[in-house]
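Engineer: First the structure, which I've put down as structure tokens, then a few questions once you've had a look.
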Amino acid sequence: MKFKDILIQVIRSVLGIFIGSVVITIIAEGIEFVLVALVHGSIATDQDVYFEVRNRLPILSLKFFYNSLAGLVGGYVAAWSAFRAPVIHGLILATVQLSD
């Protein structure tokens, strides 16, 4: 393999993991924002109010499910965009997300 081919594969892998991470963030934070706004009755502009509403048991219970959904979609996007070794790229993305 040429150096150029290896470099392209590395860039594609890093980009795939980055895109997967962005997808996870957009999905999880978007759903969380909408849930908090629905429960609060309006958009919470105060950080303390936002976290007080978000940390209620029903929303924390739902957080488990929508974060799982976001992780599955983000992992799929990372594996698909890397075009090779999809399981490894999904596991790397999961490791990156766990280290946050």
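We name chains A, B, ... following the order of the structure tokens; residues begin at 1 in each chain, and ligands are numbered from 1 as shown.
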I'd like the contact shell of A:Ala94 - 10 Å cut-off, only C-alpha atoms, skipping same-chain residues fewer than 4 positions apart - returned as a list in words.
Structural biologist: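 Here the answer would be Ile17, Gly20, Ser21, Gly71, Leu72, Gly74, Gly75, Ile88, His89, Gly90, Leu98 and Ser99 of chain A.
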Engineer: Could you take the residues named above and write them with N, CA and C atoms, as a compact mmCIF listing (two decimals), in the first residue's frame?
Structural biologist:
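To be explicit, this is the file written out as result-v4.txt:
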# COMPACT_ATOMS: atom_id res chain seq x y z
N ILE A 17 -15.42 8.52 12.88
CA ILE A 17 -15.65 8.53 14.33
C ILE A 17 -16.12 9.91 14.78
N GLY A 20 -19.76 10.33 13.69
CA GLY A 20 -20.61 9.53 14.57
C GLY A 20 -20.82 10.19 15.91
N SER A 21 -19.76 10.79 16.44
CA SER A 21 -19.85 11.50 17.72
C SER A 21 -20.76 12.72 17.62
N GLY A 71 -26.68 6.40 20.46
CA GLY A 71 -25.45 5.63 20.33
C GLY A 71 -25.51 4.63 19.19
N LEU A 72 -26.65 3.98 19.02
CA LEU A 72 -26.81 3.04 17.91
C LEU A 72 -26.72 3.75 16.56
N GLY A 74 -25.35 6.74 15.94
CA GLY A 74 -24.00 7.28 15.78
C GLY A 74 -22.98 6.21 15.44
N GLY A 75 -23.10 5.05 16.06
CA GLY A 75 -22.20 3.94 15.75
C GLY A 75 -22.39 3.45 14.33
N ILE A 88 -15.02 -2.41 14.49
CA ILE A 88 -13.93 -1.73 15.18
C ILE A 88 -14.21 -0.24 15.31
N HIS A 89 -14.73 0.38 14.25
CA HIS A 89 -15.03 1.81 14.32
C HIS A 89 -16.17 2.09 15.29
N GLY A 90 -17.16 1.21 15.33
CA GLY A 90 -18.24 1.36 16.31
C GLY A 90 -17.72 1.24 17.73
N LEU A 98 -17.57 6.91 26.01
CA LEU A 98 -17.45 6.56 27.43
C LEU A 98 -16.43 7.40 28.16
N SER A 99 -15.43 7.89 27.44
CA SER A 99 -14.39 8.69 28.08
C SER A 99 -14.82 10.14 28.31
Engineer: From the set A:Ile6, A:Ile59, A:Met1, A:Ile11, which residue has the shortest atom-to-atom contact distance to A:Val34, counting only C-alpha atoms?
Structural biologist: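 Of A:Ile6, A:Ile59, A:Met1, A:Ile11, the one nearest A:Val34, counting only C-alpha atoms, is A:Ile59.
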Engineer: Compile the contact shell of A:Leu38 as a list in words: residues with an atom at most 12 Å away, counting only C-alpha atoms, same-chain residues fewer than 4 positions apart removed.
Structural biologist: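 The contact residues come out as Ile31, Glu32, Phe33, Val34, Ser42, Ile43, Ala44, Tyr50, Val53, Arg54 and Ile59 of chain A.
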Engineer: Point out the residue among A:Trp80, A:Val87, A:Tyr66, A:Leu60 with the least atom-to-atom distance to A:Ile24, counting only C-alpha atoms.
Structural biologist: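 Selected residue with least distance to A:Ile24: A:Tyr66.
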Engineer: Interatomic distance between atom CA of A:Ala28 and atom CA of A:Val96?
Structural biologist: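 Calculated distance between atom CA of A:Ala28 and atom CA of A:Val96 is 15.6 Å.
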Engineer: What gap, in Å, lies between atom CA of A:Gly41 and atom CA of A:Leu69?
Structural biologist: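 Separating atom CA of A:Gly41 from atom CA of A:Leu69 is a distance of 25.0 Å.
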